[in-house]
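Engineer: Contents of structure.cif (mmCIF, C-alpha atoms):
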```cif
data_work
loop_
_atom_site.group_PDB
_atom_site.id
_atom_site.type_symbol
_atom_site.label_atom_id
_atom_site.label_comp_id
_atom_site.auth_asym_id
_atom_site.auth_seq_id
_atom_site.Cartn_x
_atom_site.Cartn_y
_atom_site.Cartn_z
ATOM 1 C CA MET R 1287 -150.540 0.392 -255.068
ATOM 2 C CA ALA R 1288 -148.434 3.532 -255.389
ATOM 3 C CA ALA R 1289 -148.324 5.106 -258.847
ATOM 4 C CA GLU R 1290 -144.534 4.813 -259.094
ATOM 5 C CA ASN R 1291 -144.790 1.025 -258.667
ATOM 6 C CA MET R 1292 -147.350 0.524 -261.461
ATOM 7 C CA ASN R 1293 -144.667 -0.238 -264.050
ATOM 8 C CA LYS R 1294 -142.130 -1.953 -261.808
ATOM 9 C CA GLU R 1295 -141.759 -5.713 -261.889
ATOM 10 C CA VAL R 1296 -143.252 -7.557 -258.931
ATOM 11 C CA VAL R 1297 -140.423 -9.630 -257.432
ATOM 12 C CA LEU R 1298 -142.404 -11.197 -254.600
ATOM 13 C CA SER R 1299 -146.157 -11.416 -254.186
ATOM 14 C CA VAL R 1300 -147.776 -12.732 -251.009
ATOM 15 C CA LYS R 1301 -151.539 -13.176 -251.216
ATOM 16 C CA ASP R 1302 -153.877 -14.032 -248.330
ATOM 17 C CA LEU R 1303 -151.213 -16.036 -246.477
ATOM 18 C CA ARG R 1304 -152.618 -17.925 -243.502
ATOM 19 C CA ILE R 1305 -150.350 -19.962 -241.244
ATOM 20 C CA ASN R 1306 -151.378 -22.130 -238.312
ATOM 21 C CA PHE R 1307 -149.407 -24.124 -235.772
ATOM 22 C CA ARG R 1308 -150.411 -27.524 -234.443
ATOM 23 C CA ALA R 1309 -150.353 -27.241 -230.668
ATOM 24 C CA TYR R 1310 -151.409 -29.469 -227.787
ATOM 25 C CA GLY R 1311 -154.798 -27.764 -227.547
ATOM 26 C CA GLY R 1312 -155.433 -27.649 -231.310
ATOM 27 C CA LEU R 1313 -154.568 -25.190 -234.062
ATOM 28 C CA VAL R 1314 -153.170 -21.747 -233.289
ATOM 29 C CA GLN R 1315 -153.627 -19.093 -235.980
ATOM 30 C CA ALA R 1316 -150.340 -17.229 -236.328
ATOM 31 C CA VAL R 1317 -150.827 -15.377 -239.628
ATOM 32 C CA ARG R 1318 -154.321 -14.399 -240.730
ATOM 33 C CA GLY R 1319 -154.374 -13.249 -244.326
ATOM 34 C CA ILE R 1320 -151.273 -11.137 -244.973
ATOM 35 C CA SER R 1321 -150.909 -9.796 -248.535
ATOM 36 C CA PHE R 1322 -148.266 -7.587 -250.141
ATOM 37 C CA ASP R 1323 -146.250 -7.092 -253.316
ATOM 38 C CA LEU R 1324 -142.554 -6.275 -253.388
ATOM 39 C CA HIS R 1325 -141.447 -4.477 -256.554
ATOM 40 C CA ARG R 1326 -137.947 -4.502 -258.028
ATOM 41 C CA GLY R 1327 -135.855 -1.757 -256.454
ATOM 42 C CA GLU R 1328 -138.312 -1.288 -253.607
ATOM 43 C CA THR R 1329 -137.675 -1.643 -249.891
ATOM 44 C CA LEU R 1330 -140.563 -3.098 -247.937
ATOM 45 C CA ALA R 1331 -140.893 -2.894 -244.164
ATOM 46 C CA ILE R 1332 -143.220 -5.255 -242.346
ATOM 47 C CA VAL R 1333 -144.141 -3.813 -238.974
ATOM 48 C CA GLY R 1334 -146.389 -4.978 -236.206
ATOM 49 C CA GLU R 1335 -146.549 -5.730 -232.549
ATOM 50 C CA SER R 1336 -144.768 -8.676 -230.996
ATOM 51 C CA GLY R 1337 -146.563 -11.898 -231.903
ATOM 52 C CA SER R 1338 -148.313 -10.436 -234.957
ATOM 53 C CA GLY R 1339 -146.763 -12.963 -237.358
ATOM 54 C CA LYS R 1340 -143.941 -10.958 -238.980
ATOM 55 C CA SER R 1341 -141.223 -13.551 -238.389
ATOM 56 C CA VAL R 1342 -143.532 -16.472 -239.187
ATOM 57 C CA SER R 1343 -144.440 -14.839 -242.517
ATOM 58 C CA ILE R 1344 -140.784 -14.318 -243.413
ATOM 59 C CA ARG R 1345 -139.926 -17.892 -242.399
ATOM 60 C CA ALA R 1346 -142.704 -19.096 -244.709
ATOM 61 C CA ILE R 1347 -141.212 -17.095 -247.591
ATOM 62 C CA MET R 1348 -137.815 -18.674 -246.878
ATOM 63 C CA GLY R 1349 -139.257 -22.185 -246.495
ATOM 64 C CA ILE R 1350 -137.958 -22.550 -242.949
ATOM 65 C CA LEU R 1351 -141.140 -22.863 -240.927
ATOM 66 C CA ALA R 1352 -141.169 -25.084 -237.851
ATOM 67 C CA ASN R 1353 -142.328 -28.682 -238.342
ATOM 68 C CA ASN R 1354 -145.641 -28.004 -236.602
ATOM 69 C CA ALA R 1355 -146.500 -25.107 -238.945
ATOM 70 C CA ILE R 1356 -149.174 -25.420 -241.616
ATOM 71 C CA ILE R 1357 -149.650 -23.025 -244.507
ATOM 72 C CA ALA R 1358 -153.426 -23.212 -244.449
ATOM 73 C CA GLU R 1359 -154.109 -20.841 -247.331
ATOM 74 C CA GLY R 1360 -152.553 -18.353 -249.682
ATOM 75 C CA SER R 1361 -149.671 -18.096 -252.081
ATOM 76 C CA ILE R 1362 -146.122 -16.788 -252.070
ATOM 77 C CA MET R 1363 -145.126 -16.110 -255.678
ATOM 78 C CA TYR R 1364 -141.475 -15.580 -256.504
ATOM 79 C CA ASP R 1365 -140.162 -15.665 -260.081
ATOM 80 C CA GLY R 1366 -143.210 -17.560 -261.299
ATOM 81 C CA MET R 1367 -143.026 -20.182 -258.541
ATOM 82 C CA ASP R 1368 -145.440 -20.583 -255.672
ATOM 83 C CA LEU R 1369 -143.015 -21.061 -252.786
ATOM 84 C CA THR R 1370 -145.743 -22.716 -250.702
ATOM 85 C CA LYS R 1371 -145.672 -25.661 -253.133
ATOM 86 C CA LEU R 1372 -141.891 -26.276 -253.256
ATOM 87 C CA THR R 1373 -140.204 -29.327 -251.791
ATOM 88 C CA GLU R 1374 -137.173 -28.898 -249.554
ATOM 89 C CA ASP R 1375 -134.910 -29.946 -252.454
ATOM 90 C CA GLU R 1376 -136.482 -27.301 -254.690
ATOM 91 C CA PHE R 1377 -136.067 -24.681 -251.963
ATOM 92 C CA HIS R 1378 -132.459 -25.710 -251.594
ATOM 93 C CA GLU R 1379 -131.866 -24.542 -255.174
ATOM 94 C CA ILE R 1380 -133.063 -20.981 -254.526
ATOM 95 C CA ARG R 1381 -132.470 -20.393 -250.808
ATOM 96 C CA GLY R 1382 -129.129 -18.669 -250.372
ATOM 97 C CA ASN R 1383 -128.570 -18.289 -254.110
ATOM 98 C CA ARG R 1384 -131.578 -16.172 -255.030
ATOM 99 C CA ILE R 1385 -133.322 -15.331 -251.777
ATOM 100 C CA GLY R 1386 -131.840 -14.878 -248.352
ATOM 101 C CA LEU R 1387 -132.599 -13.770 -244.856
ATOM 102 C CA ILE R 1388 -130.442 -11.848 -242.431
ATOM 103 C CA PHE R 1389 -131.696 -12.417 -238.910
ATOM 104 C CA GLN R 1390 -131.814 -9.456 -236.561
ATOM 105 C CA ASP R 1391 -129.818 -11.502 -234.061
ATOM 106 C CA PRO R 1392 -126.872 -12.966 -235.981
ATOM 107 C CA LEU R 1393 -126.261 -15.556 -233.261
ATOM 108 C CA SER R 1394 -129.510 -17.236 -234.300
ATOM 109 C CA ALA R 1395 -127.983 -17.779 -237.760
ATOM 110 C CA LEU R 1396 -124.445 -18.725 -236.715
ATOM 111 C CA ASN R 1397 -123.367 -22.011 -235.172
ATOM 112 C CA PRO R 1398 -121.538 -21.072 -231.951
ATOM 113 C CA ILE R 1399 -119.215 -24.103 -232.031
ATOM 114 C CA MET R 1400 -118.184 -23.793 -235.671
ATOM 115 C CA LYS R 1401 -115.508 -21.414 -236.946
ATOM 116 C CA ILE R 1402 -116.739 -18.525 -239.068
ATOM 117 C CA GLY R 1403 -114.718 -19.692 -242.061
ATOM 118 C CA GLN R 1404 -116.310 -23.135 -241.960
ATOM 119 C CA GLN R 1405 -119.765 -21.608 -241.891
ATOM 120 C CA ILE R 1406 -119.193 -19.328 -244.878
ATOM 121 C CA THR R 1407 -117.280 -21.893 -246.952
ATOM 122 C CA GLU R 1408 -119.875 -24.600 -246.293
ATOM 123 C CA VAL R 1409 -122.562 -22.444 -247.892
ATOM 124 C CA LEU R 1410 -120.337 -21.577 -250.851
ATOM 125 C CA HIS R 1411 -119.335 -25.188 -251.381
ATOM 126 C CA LEU R 1412 -122.929 -26.400 -251.121
ATOM 127 C CA HIS R 1413 -124.621 -23.760 -253.296
ATOM 128 C CA ASN R 1414 -121.905 -22.904 -255.787
ATOM 129 C CA LYS R 1415 -120.127 -26.269 -256.066
ATOM 130 C CA MET R 1416 -116.783 -24.603 -255.277
ATOM 131 C CA THR R 1417 -113.723 -26.522 -254.203
ATOM 132 C CA LYS R 1418 -112.618 -25.978 -250.609
ATOM 133 C CA GLU R 1419 -109.825 -23.662 -251.774
ATOM 134 C CA GLU R 1420 -112.148 -21.642 -254.030
ATOM 135 C CA ALA R 1421 -114.702 -21.380 -251.220
ATOM 136 C CA ARG R 1422 -112.063 -20.223 -248.723
ATOM 137 C CA ASN R 1423 -110.761 -17.571 -251.141
ATOM 138 C CA ARG R 1424 -114.303 -16.367 -251.813
ATOM 139 C CA ALA R 1425 -115.073 -16.311 -248.078
ATOM 140 C CA LEU R 1426 -112.010 -14.119 -247.482
ATOM 141 C CA GLU R 1427 -113.144 -11.845 -250.310
ATOM 142 C CA LEU R 1428 -116.675 -11.581 -248.876
ATOM 143 C CA MET R 1429 -115.362 -10.868 -245.387
ATOM 144 C CA ARG R 1430 -113.208 -8.050 -246.782
ATOM 145 C CA ALA R 1431 -116.193 -6.701 -248.734
ATOM 146 C CA VAL R 1432 -118.260 -6.313 -245.551
ATOM 147 C CA GLY R 1433 -115.411 -4.615 -243.689
ATOM 148 C CA ILE R 1434 -114.012 -7.385 -241.500
ATOM 149 C CA PRO R 1435 -110.373 -6.504 -240.693
ATOM 150 C CA ASP R 1436 -107.526 -9.046 -240.669
ATOM 151 C CA VAL R 1437 -109.572 -11.686 -242.508
ATOM 152 C CA GLU R 1438 -106.787 -14.288 -242.639
ATOM 153 C CA ARG R 1439 -106.855 -14.479 -238.830
ATOM 154 C CA ARG R 1440 -110.554 -13.816 -238.298
ATOM 155 C CA ILE R 1441 -111.707 -16.602 -240.639
ATOM 156 C CA GLU R 1442 -110.370 -19.101 -238.065
ATOM 157 C CA GLN R 1443 -112.330 -17.604 -235.162
ATOM 158 C CA TYR R 1444 -115.664 -18.498 -233.583
ATOM 159 C CA PRO R 1445 -118.766 -16.260 -233.518
ATOM 160 C CA PHE R 1446 -118.255 -15.326 -229.843
ATOM 161 C CA GLN R 1447 -114.939 -13.737 -230.818
ATOM 162 C CA PHE R 1448 -116.735 -11.128 -232.932
ATOM 163 C CA SER R 1449 -118.740 -8.111 -231.814
ATOM 164 C CA GLY R 1450 -122.473 -8.072 -232.523
ATOM 165 C CA GLY R 1451 -121.996 -5.730 -235.480
ATOM 166 C CA MET R 1452 -119.234 -7.854 -236.923
ATOM 167 C CA ARG R 1453 -121.364 -11.007 -236.527
ATOM 168 C CA GLN R 1454 -124.094 -9.199 -238.467
ATOM 169 C CA ARG R 1455 -121.573 -8.484 -241.238
ATOM 170 C CA ILE R 1456 -120.489 -12.138 -241.253
ATOM 171 C CA VAL R 1457 -124.116 -13.162 -241.838
ATOM 172 C CA ILE R 1458 -124.364 -10.644 -244.666
ATOM 173 C CA ALA R 1459 -121.162 -12.094 -246.186
#
```
What does the file become when written as structure tokens?
Structural biologist:
Amino acid sequence: MAAENMNKEVVLSVKDLRINFRAYGGLVQAVRGISFDLHRGETLAIVGESGSGKSVSIRAIMGILANNAIIAEGSIMYDGMDLTKLTEDEFHEIRGNRIGLIFQDPLSALNPIMKIGQQITEVLHLHNKMTKEEARNRALELMRAVGIPDVERRIEQYPFQFSGGMRQRIVIA
């Protein structure tokens, strides 16, 4: 651990995480003992070759692993909770409100047949218990904050009507 991190609060701690997938031929080991600490104010990069388990590890942290995935061992501690032990309902309380994920490819996070405004307002309504009008106003505000021009018109458009960079900003919003 770097000296400058000695006194910083650990926000996320992953210890000996091991993830397998049930497959036709048996179990496939996807993650074999990853461990790291993320300190407040720190940026952490997880690098590795294709297929090394980076995305699977992040999906485990977010509680969005595929149905055939098994967390075989390890812990993912966030704010005193072991995320590997949470139910979907418990995850629902923190996912999006306290932890989030921005996919490299925003199209994997956006529904192609749903207008952008619906997608943003649905999350706001669900997580923040906003009325539809409050959620729409907040969505417009968030779109402005990430630099989307002409938000009144753009909120009614579909993901394919945005450039890749603008879709990325929509996901951030």
Engineer: Restricting the calculation to all atoms listed in the file: of R:Glu1359, R:Asp1391, R:Glu1379, R:Glu1295, which residue gets closest to Gly1319 of chain R?
Structural biologist: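 Closest to Gly1319 of chain R of all the choices is R:Glu1359.
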Engineer: So that I can see what lies close to Ser1341 of chain R, please list as a PyMOL selection string the residues with an atom at most 10 Å from it, counting only C-alpha atoms and leaving out residues fewer than 6 positions away in the same chain.
Structural biologist: chain R and resi 1317+1332+1347+1351+1389
Engineer: Taking all atoms of segment 1379-1396 of chain R that appear in the file, build a box with edges along x, y and z, extend it by 4 Å on every side, and state its centre and edge lengths in Å to one decimal, as JSON.
Structural biologist:
```
{"center_x": -128.9, "center_y": -17.0, "center_z": -244.2, "size_x": 16.9, "size_y": 23.1, "size_z": 29.9}
```
Engineer: What would the selection look like, as JSON, numbers by chain, if the PyMOL selection byres ((chain R and resi 1453) around 10) were run on the coordinates I just shared?
Structural biologist: {"R": [1391, 1392, 1393, 1395, 1396, 1402, 1434, 1444, 1445, 1446, 1447, 1448, 1449, 1450, 1451, 1452, 1454, 1455, 1456, 1457, 1458, 1459]}
Engineer: When the PyMOL selection byres ((chain R and resi 1424) around 12) is applied to the file above, which residues end up in the set, as a list in words?
Structural biologist: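 Given this file, the PyMOL selection byres ((chain R and resi 1424) around 12) evaluates to Gly1403, Ile1406, Thr1407, Glu1408, Val1409, Leu1410, His1411, Asn1414, Met1416, Thr1417, Lys1418, Glu1419, Glu1420, Ala1421, Arg1422, Asn1423, Ala1425, Leu1426, Glu1427, Leu1428, Met1429, Arg1430, Ala1431, Val1437, Ile1441 and Ala1459 of chain R.
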Engineer: If I take atom CA of Gly1433 of chain R and atom CA of Gly1327 of chain R, how far is one from the other in Å, to one decimal?
Structural biologist: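 Rounded to one decimal, the two atoms are 24.3 Å apart.
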Engineer: I want to know what sits within 8 Å of Asn1354 of chain R, based on only C-alpha atoms, with residues of the same chain fewer than 5 positions away left out; could you give that as a PyMOL selection string?
Structural biologist: chain R and resi 1307-1309
Engineer: Figure out the distance between atom CA of Thr1370 of chain R and atom CA of Val1296 of chain R, please, to one decimal in Å.
Structural biologist: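 If I compute the distance from atom CA of Val1296 of chain R to atom CA of Thr1370 of chain R, I get 17.4 Å.
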Engineer: If you measure from atom CA of Arg1384 of chain R to atom CA of Arg1304 of chain R, what distance in Å do you get, rounded to one decimal?
Structural biologist: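 Spanning atom CA of Arg1384 of chain R to atom CA of Arg1304 of chain R is a straight-line distance of 24.1 Å.
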